[in-house]
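Data block for start_0.txt (compact mmCIF, C-alpha atoms):
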# COMPACT_ATOMS: atom_id res chain seq x y z
CA MET A 1 -83.84 1.51 -55.20
CA ASN A 2 -80.11 0.89 -55.39
CA ARG A 3 -79.27 -1.95 -52.99
CA PRO A 4 -75.78 -2.32 -51.57
CA HIS A 5 -73.65 -5.11 -52.98
CA ALA A 6 -71.47 -7.68 -51.29
CA ILE A 7 -68.68 -9.12 -53.40
CA ILE A 8 -66.36 -11.97 -52.54
CA VAL A 9 -63.10 -12.13 -54.47
CA MET A 10 -62.37 -15.85 -54.47
CA GLY A 11 -59.84 -18.42 -55.60
CA VAL A 12 -56.91 -20.43 -54.36
CA SER A 13 -53.93 -18.96 -52.56
CA GLY A 14 -51.70 -16.80 -54.73
CA CYS A 15 -54.39 -15.76 -57.22
CA GLY A 16 -54.44 -12.14 -56.05
CA LYS A 17 -57.65 -11.98 -54.01
CA SER A 18 -56.40 -9.22 -51.71
CA SER A 19 -54.79 -7.06 -54.38
CA VAL A 20 -57.75 -7.34 -56.75
CA GLY A 21 -60.23 -6.89 -53.89
CA GLU A 22 -58.53 -3.66 -52.84
CA LYS A 23 -58.61 -2.33 -56.41
CA LEU A 24 -62.29 -3.22 -56.81
CA ALA A 25 -63.14 -1.64 -53.46
CA GLU A 26 -61.42 1.54 -54.59
CA ALA A 27 -63.22 1.54 -57.96
CA LEU A 28 -66.63 0.79 -56.43
CA ARG A 29 -66.04 2.96 -53.33
CA LEU A 30 -66.75 0.05 -50.98
CA ALA A 31 -65.11 -1.19 -47.81
CA PHE A 32 -62.60 -4.02 -48.24
CA VAL A 33 -62.12 -6.79 -45.68
CA GLU A 34 -59.12 -9.13 -45.82
CA GLY A 35 -60.70 -12.53 -45.23
CA ASP A 36 -57.43 -14.07 -44.04
CA ALA A 37 -57.48 -11.65 -41.09
CA LEU A 38 -60.73 -13.27 -39.93
CA HIS A 39 -59.28 -16.79 -39.62
CA PRO A 40 -59.13 -18.14 -36.08
CA ALA A 41 -55.55 -18.36 -34.79
CA ALA A 42 -55.73 -22.17 -34.89
CA ASN A 43 -56.37 -22.07 -38.66
CA VAL A 44 -53.43 -19.76 -39.29
CA GLU A 45 -51.18 -21.97 -37.16
CA LYS A 46 -52.29 -25.08 -39.05
CA MET A 47 -51.70 -23.51 -42.46
CA SER A 48 -48.35 -22.08 -41.34
CA LYS A 49 -47.27 -25.65 -40.57
CA GLY A 50 -48.35 -26.81 -44.04
CA ILE A 51 -51.45 -28.63 -42.78
CA PRO A 52 -54.51 -28.20 -45.02
CA LEU A 53 -57.72 -26.98 -43.40
CA THR A 54 -60.73 -29.28 -43.18
CA ASP A 55 -64.35 -28.32 -43.74
CA GLU A 56 -64.73 -28.25 -39.94
CA ASP A 57 -61.82 -25.80 -39.68
CA ARG A 58 -63.30 -23.53 -42.33
CA MET A 59 -66.92 -23.31 -41.13
CA PRO A 60 -66.40 -20.86 -38.21
CA TRP A 61 -64.30 -18.69 -40.54
CA LEU A 62 -66.96 -18.74 -43.24
CA ASP A 63 -69.61 -17.92 -40.64
CA ARG A 64 -67.57 -14.92 -39.47
CA ILE A 65 -67.27 -13.67 -43.06
CA GLY A 66 -70.99 -14.23 -43.57
CA GLU A 67 -71.78 -12.25 -40.40
CA ASP A 68 -69.62 -9.35 -41.56
CA ILE A 69 -71.31 -9.32 -44.97
CA LYS A 70 -74.80 -9.50 -43.46
CA ALA A 71 -74.03 -6.70 -40.99
CA SER A 72 -72.71 -4.49 -43.78
CA LEU A 73 -75.74 -5.08 -46.01
CA GLU A 74 -78.12 -4.49 -43.09
CA LYS A 75 -76.50 -1.06 -42.66
CA SER A 76 -77.07 -0.46 -46.41
CA GLU A 77 -73.33 -0.52 -46.98
CA GLY A 78 -71.59 -2.53 -49.68
CA ILE A 79 -68.54 -4.62 -48.91
CA ILE A 80 -65.84 -6.59 -50.68
CA VAL A 81 -64.20 -9.54 -48.94
CA SER A 82 -61.31 -11.75 -50.01
CA CYS A 83 -62.14 -15.39 -49.29
CA SER A 84 -61.01 -18.58 -51.01
CA ALA A 85 -64.61 -19.95 -51.05
CA LEU A 86 -63.23 -23.11 -52.64
CA LYS A 87 -66.32 -25.33 -52.49
CA ARG A 88 -69.90 -24.82 -53.60
CA ILE A 89 -71.12 -25.59 -50.07
CA TYR A 90 -68.93 -22.75 -48.77
CA ARG A 91 -70.30 -20.31 -51.34
CA ASP A 92 -73.87 -21.41 -50.62
CA ARG A 93 -73.25 -20.94 -46.88
CA LEU A 94 -72.01 -17.40 -47.59
CA ARG A 95 -74.99 -16.71 -49.86
CA ALA A 96 -77.39 -17.84 -47.12
CA ALA A 97 -75.63 -15.69 -44.50
CA ALA A 98 -75.67 -12.64 -46.76
CA GLY A 99 -79.37 -12.99 -47.42
CA GLY A 100 -78.99 -12.11 -51.09
CA ASN A 101 -77.16 -9.59 -53.23
CA LEU A 102 -73.87 -11.46 -53.02
CA PHE A 103 -71.58 -11.73 -56.03
CA PHE A 104 -68.34 -13.62 -56.55
CA VAL A 105 -65.27 -12.75 -58.61
CA TYR A 106 -63.42 -16.00 -59.26
CA LEU A 107 -59.73 -15.49 -60.03
CA GLU A 108 -58.52 -18.35 -62.19
CA GLY A 109 -54.97 -19.22 -63.14
CA SER A 110 -52.64 -22.04 -64.05
CA ARG A 111 -50.85 -24.01 -61.33
CA ALA A 112 -47.48 -22.78 -62.66
CA LEU A 113 -48.52 -19.12 -62.44
CA LEU A 114 -50.01 -19.60 -58.97
CA MET A 115 -46.84 -21.38 -57.75
CA ARG A 116 -44.66 -18.57 -59.06
CA ARG A 117 -46.79 -15.90 -57.39
CA MET A 118 -46.85 -17.74 -54.07
CA ALA A 119 -43.07 -18.22 -54.16
CA GLU A 120 -42.57 -14.48 -54.76
CA ARG A 121 -44.68 -13.26 -51.83
CA LYS A 122 -43.04 -12.26 -48.61
CA GLY A 123 -44.37 -12.67 -45.09
CA HIS A 124 -47.52 -14.67 -45.89
CA PHE A 125 -48.45 -17.58 -43.62
CA MET A 126 -49.62 -19.83 -46.47
CA PRO A 127 -46.78 -22.04 -47.73
CA VAL A 128 -46.46 -22.99 -51.41
CA SER A 129 -46.82 -26.63 -50.32
CA LEU A 130 -50.56 -26.10 -49.69
CA LEU A 131 -51.39 -24.98 -53.23
CA ASP A 132 -52.01 -28.52 -54.49
CA SER A 133 -54.44 -29.26 -51.64
CA GLN A 134 -56.32 -26.05 -52.44
CA LEU A 135 -56.48 -26.93 -56.13
CA ALA A 136 -57.75 -30.40 -55.21
CA THR A 137 -60.43 -28.87 -52.97
CA LEU A 138 -61.50 -26.21 -55.49
CA GLU A 139 -64.91 -26.64 -57.07
CA VAL A 140 -64.86 -24.16 -59.94
CA PRO A 141 -68.03 -22.02 -59.82
CA THR A 142 -68.90 -22.56 -63.48
CA GLY A 143 -72.61 -22.03 -64.06
CA GLU A 144 -73.31 -20.54 -60.64
CA GLN A 145 -75.37 -17.37 -60.68
CA GLY A 146 -73.69 -14.08 -59.81
CA VAL A 147 -70.14 -15.23 -60.58
CA VAL A 148 -67.59 -13.41 -62.74
CA THR A 149 -64.55 -15.45 -63.78
CA VAL A 150 -61.32 -13.60 -64.55
CA ASP A 151 -58.05 -15.08 -65.77
CA ILE A 152 -55.14 -13.86 -63.62
CA ASP A 153 -52.48 -13.86 -66.33
CA ASP A 154 -52.42 -10.04 -66.33
CA THR A 155 -51.46 -7.12 -64.11
CA VAL A 156 -53.48 -6.44 -60.96
CA GLU A 157 -54.96 -3.41 -62.71
CA GLY A 158 -55.89 -5.48 -65.76
CA ILE A 159 -57.48 -8.20 -63.65
CA ALA A 160 -59.43 -5.66 -61.59
CA THR A 161 -60.64 -3.90 -64.75
CA LYS A 162 -61.94 -7.19 -66.19
CA ALA A 163 -63.61 -8.02 -62.87
CA PHE A 164 -65.20 -4.56 -62.73
CA LYS A 165 -66.57 -4.96 -66.28
CA GLY A 166 -67.90 -8.42 -65.48
CA LEU A 167 -69.62 -7.16 -62.34
CA ALA A 168 -71.08 -4.21 -64.26
CA ALA A 169 -72.56 -6.70 -66.75
CA LEU A 170 -74.32 -8.33 -63.75
CA GLY A 171 -75.69 -4.94 -62.63
CA VAL A 172 -73.15 -4.25 -59.91
CA THR A 173 -72.16 -0.59 -59.99
CA GLY A 174 -70.44 1.82 -57.65

Hey, can you dump this file as structure tokens for me?
Amino acid sequence: MNRPHAIIVMGVSGCGKSSVGEKLAEALRLAFVEGDALHPAANVEKMSKGIPLTDEDRMPWLDRIGEDIKASLEKSEGIIVSCSALKRIYRDRLRAAAGGNLFFVYLEGSRALLMRRMAERKGHFMPVSLLDSQLATLEVPTGEQGVVTVDIDDTVEGIATKAFKGLAALGVTG
């Protein structure tokens, strides 16, 4: 029996979660959900002002993402969601909500590359000033099961291709 897959494309701001997530969704023929769109308005306002989110700020957002993943899997539909998922406790909370069959694609890059990418984007609420707080919060998912790590020093297509191959090696197929 081929079970549907849930995939979270994760990493700090500016790593390309949305762009890579969209490419993967296209390649795997799955729905894509922009995790930033699920943030409560208060979180967006805080980040827009350059104020880092706390664990308490993030939990309702993570719960909403978890609910969307669970609902999709219960309908036997796969889903890909962009979500920073910076800490292990966040990823474990998402794993518990999903009830299994959840994979992560961790997009990894240097601070300099991330800063450059954030500075080049237009119309995003997340200011460059918050990158250092995200990097400080990040707990790299090394050694966690079901995680593919991809270096972002490439084109979106190249990153998505590496992510797709890594997921295929874990048994995730379209």

Contacts of A:Asn43 at 10 Å (all atoms listed in the file; same-chain gap of 3+ positions) as a compact mmCIF listing (two decimals) with C-alpha atoms, in the frame of the given file:
# COMPACT_ATOMS: atom_id res chain seq x y z
CA ASP A 36 -57.43 -14.07 -44.04
CA LEU A 38 -60.73 -13.27 -39.93
CA HIS A 39 -59.28 -16.79 -39.62
CA PRO A 40 -59.13 -18.14 -36.08
CA LYS A 46 -52.29 -25.08 -39.05
CA MET A 47 -51.70 -23.51 -42.46
CA SER A 48 -48.35 -22.08 -41.34
CA LYS A 49 -47.27 -25.65 -40.57
CA ILE A 51 -51.45 -28.63 -42.78
CA PRO A 52 -54.51 -28.20 -45.02
CA LEU A 53 -57.72 -26.98 -43.40
CA THR A 54 -60.73 -29.28 -43.18
CA ASP A 57 -61.82 -25.80 -39.68
CA ARG A 58 -63.30 -23.53 -42.33
CA TRP A 61 -64.30 -18.69 -40.54

*Take atom CA of A:Leu130 and atom CA of A:Ile65 and report the distance between them in Å, one decimal.*
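Distance between the two atoms: 21.9 Å.
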
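Across A:Ser133, A:Asn101, A:Cys15, A:Val20, the tightest approach to A:Glu157 is made by A:Val20 when counting all atoms listed in the file.
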
*asked:* Just the number, please: distance in Å from atom CA of A:Ile80 to atom CA of A:Leu135, one decimal.
replied: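 Here the two named atoms are 23.0 Å from each other.
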
*Using all atoms listed in the file, which of the listed residues (A:Ile152, A:Ala168, A:Ala71, A:Ala119) sits closest to A:Tyr106?*
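Of A:Ile152, A:Ala168, A:Ala71, A:Ala119, the one nearest A:Tyr106, counting all atoms listed in the file, is A:Ile152.
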
*Neighbours of A:Ala112 within 12 Å (only C-alpha atoms; same-chain residues fewer than 2 positions away dropped), as a PyMOL selection string?*
chain A and resi 14-15+108-110+114-119+128+131-132+135+152-153

Around stretch 150-153 of chain A, with edges along x, y and z and 3 Å added on all six sides, what centre and edge lengths do you get, in Å to one decimal, as AutoDock Vina command-line options?
--center_x -56.9 --center_y -14.3 --center_z -65.0 --size_x 14.8 --size_y 7.5 --size_z 8.7

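Nearest residue to A:Lys87 among A:Glu144, A:Lys70, A:Glu120, A:Ala37 is A:Glu144, counting only C-alpha atoms.
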
*Pick out the closest residue to A:Gln134 from this set: A:Leu62, A:Lys17, A:Leu86, A:Met10. Count all atoms listed in the file.*
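Of all the options, A:Leu86 lies closest to A:Gln134.
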
*List every protein, DNA or RNA residue that has an atom no more than 12 Å from (-69.1, -27.9, -50.0) in the file's coordinate frame, counting all atoms listed in the file, and report them as a list of chain:residue names.*
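The answer, in the requested form, is A:Thr54, A:Asp55, A:Glu56, A:Arg58, A:Met59, A:Leu62, A:Ala85, A:Leu86, A:Lys87, A:Arg88, A:Ile89, A:Tyr90, A:Arg91, A:Asp92, A:Arg93, A:Leu94, A:Thr137, A:Leu138, A:Glu139, A:Val140, A:Pro141.
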
*asked:* With distances taken over only C-alpha atoms, which residue among A:Ser13, A:Val148, A:Asp63, A:His5 lies nearest A:Ala160?
replied: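 Comparing A:Ser13, A:Val148, A:Asp63, A:His5 against A:Ala160, the winner is A:Val148.
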
Is there a way to complete stretch 106-117 of chain A with all heavy atoms and then write that out as a short mmCIF file (atom, residue, chain, number, x, y, z; two decimals), keeping the file's coordinate frame?
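Okay, this is what ended up in rebuild-v1.cif:
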data_model
loop_
_atom_site.label_atom_id
_atom_site.label_comp_id
_atom_site.auth_asym_id
_atom_site.auth_seq_id
_atom_site.Cartn_x
_atom_site.Cartn_y
_atom_site.Cartn_z
N TYR A 106 -64.30 -14.84 -59.34
CA TYR A 106 -63.42 -16.00 -59.26
C TYR A 106 -62.17 -15.73 -60.07
O TYR A 106 -62.23 -15.51 -61.27
CB TYR A 106 -64.14 -17.26 -59.77
CG TYR A 106 -63.22 -18.43 -60.02
CD1 TYR A 106 -62.34 -18.87 -59.02
CD2 TYR A 106 -63.22 -19.10 -61.23
CE1 TYR A 106 -61.49 -19.95 -59.24
CE2 TYR A 106 -62.38 -20.18 -61.46
CZ TYR A 106 -61.52 -20.60 -60.47
OH TYR A 106 -60.67 -21.65 -60.69
N LEU A 107 -61.02 -15.73 -59.39
CA LEU A 107 -59.73 -15.49 -60.03
C LEU A 107 -59.10 -16.83 -60.37
O LEU A 107 -58.78 -17.62 -59.49
CB LEU A 107 -58.83 -14.67 -59.10
CG LEU A 107 -59.40 -13.31 -58.68
CD1 LEU A 107 -58.42 -12.60 -57.75
CD2 LEU A 107 -59.74 -12.45 -59.88
N GLU A 108 -58.94 -17.05 -61.66
CA GLU A 108 -58.52 -18.35 -62.19
C GLU A 108 -57.15 -18.23 -62.83
O GLU A 108 -56.88 -17.29 -63.57
CB GLU A 108 -59.57 -18.75 -63.23
CG GLU A 108 -59.32 -19.98 -64.01
CD GLU A 108 -60.46 -20.26 -64.97
OE1 GLU A 108 -60.66 -19.48 -65.93
OE2 GLU A 108 -61.16 -21.25 -64.73
N GLY A 109 -56.30 -19.22 -62.55
CA GLY A 109 -54.97 -19.22 -63.14
C GLY A 109 -54.35 -20.60 -63.17
O GLY A 109 -54.80 -21.50 -62.45
N SER A 110 -53.32 -20.75 -63.95
CA SER A 110 -52.64 -22.04 -64.05
C SER A 110 -51.86 -22.33 -62.76
O SER A 110 -51.46 -21.41 -62.03
CB SER A 110 -51.67 -22.04 -65.23
OG SER A 110 -50.56 -21.18 -64.95
N ARG A 111 -51.61 -23.60 -62.51
CA ARG A 111 -50.85 -24.01 -61.33
C ARG A 111 -49.46 -23.37 -61.37
O ARG A 111 -48.96 -22.89 -60.35
CB ARG A 111 -50.74 -25.53 -61.28
CG ARG A 111 -49.95 -26.03 -60.08
CD ARG A 111 -49.83 -27.57 -60.09
NE ARG A 111 -49.08 -28.02 -58.93
CZ ARG A 111 -47.76 -28.02 -58.85
NH1 ARG A 111 -47.00 -27.59 -59.85
NH2 ARG A 111 -47.15 -28.45 -57.74
N ALA A 112 -48.83 -23.35 -62.55
CA ALA A 112 -47.48 -22.78 -62.66
C ALA A 112 -47.47 -21.30 -62.28
O ALA A 112 -46.59 -20.85 -61.54
CB ALA A 112 -46.95 -22.97 -64.08
N LEU A 113 -48.45 -20.55 -62.76
CA LEU A 113 -48.52 -19.12 -62.44
C LEU A 113 -48.79 -18.93 -60.95
O LEU A 113 -48.15 -18.08 -60.29
CB LEU A 113 -49.62 -18.45 -63.28
CG LEU A 113 -49.85 -16.96 -63.03
CD1 LEU A 113 -48.59 -16.14 -63.24
CD2 LEU A 113 -50.98 -16.46 -63.93
N LEU A 114 -49.69 -19.70 -60.40
CA LEU A 114 -50.01 -19.60 -58.97
C LEU A 114 -48.78 -19.93 -58.11
O LEU A 114 -48.49 -19.23 -57.14
CB LEU A 114 -51.17 -20.53 -58.62
CG LEU A 114 -52.52 -20.13 -59.21
CD1 LEU A 114 -53.48 -21.31 -59.21
CD2 LEU A 114 -53.11 -18.95 -58.46
N MET A 115 -48.06 -20.99 -58.48
CA MET A 115 -46.84 -21.38 -57.75
C MET A 115 -45.81 -20.25 -57.77
O MET A 115 -45.21 -19.94 -56.74
CB MET A 115 -46.23 -22.65 -58.34
CG MET A 115 -47.01 -23.90 -58.05
SD MET A 115 -46.91 -24.38 -56.34
CE MET A 115 -45.60 -25.56 -56.42
N ARG A 116 -45.63 -19.65 -58.94
CA ARG A 116 -44.66 -18.57 -59.06
C ARG A 116 -45.06 -17.40 -58.17
O ARG A 116 -44.23 -16.83 -57.45
CB ARG A 116 -44.54 -18.13 -60.53
CG ARG A 116 -43.40 -17.14 -60.73
CD ARG A 116 -43.21 -16.72 -62.17
NE ARG A 116 -44.16 -15.67 -62.50
CZ ARG A 116 -45.05 -15.73 -63.48
NH1 ARG A 116 -45.14 -16.78 -64.26
NH2 ARG A 116 -45.87 -14.73 -63.70
N ARG A 117 -46.33 -17.03 -58.20
CA ARG A 117 -46.79 -15.90 -57.39
C ARG A 117 -46.65 -16.18 -55.90
O ARG A 117 -46.25 -15.31 -55.14
CB ARG A 117 -48.24 -15.55 -57.74
CG ARG A 117 -48.34 -14.89 -59.10
CD ARG A 117 -49.73 -14.41 -59.34
NE ARG A 117 -49.80 -13.73 -60.63
CZ ARG A 117 -50.87 -13.15 -61.10
NH1 ARG A 117 -51.98 -13.16 -60.40
NH2 ARG A 117 -50.86 -12.55 -62.27
#
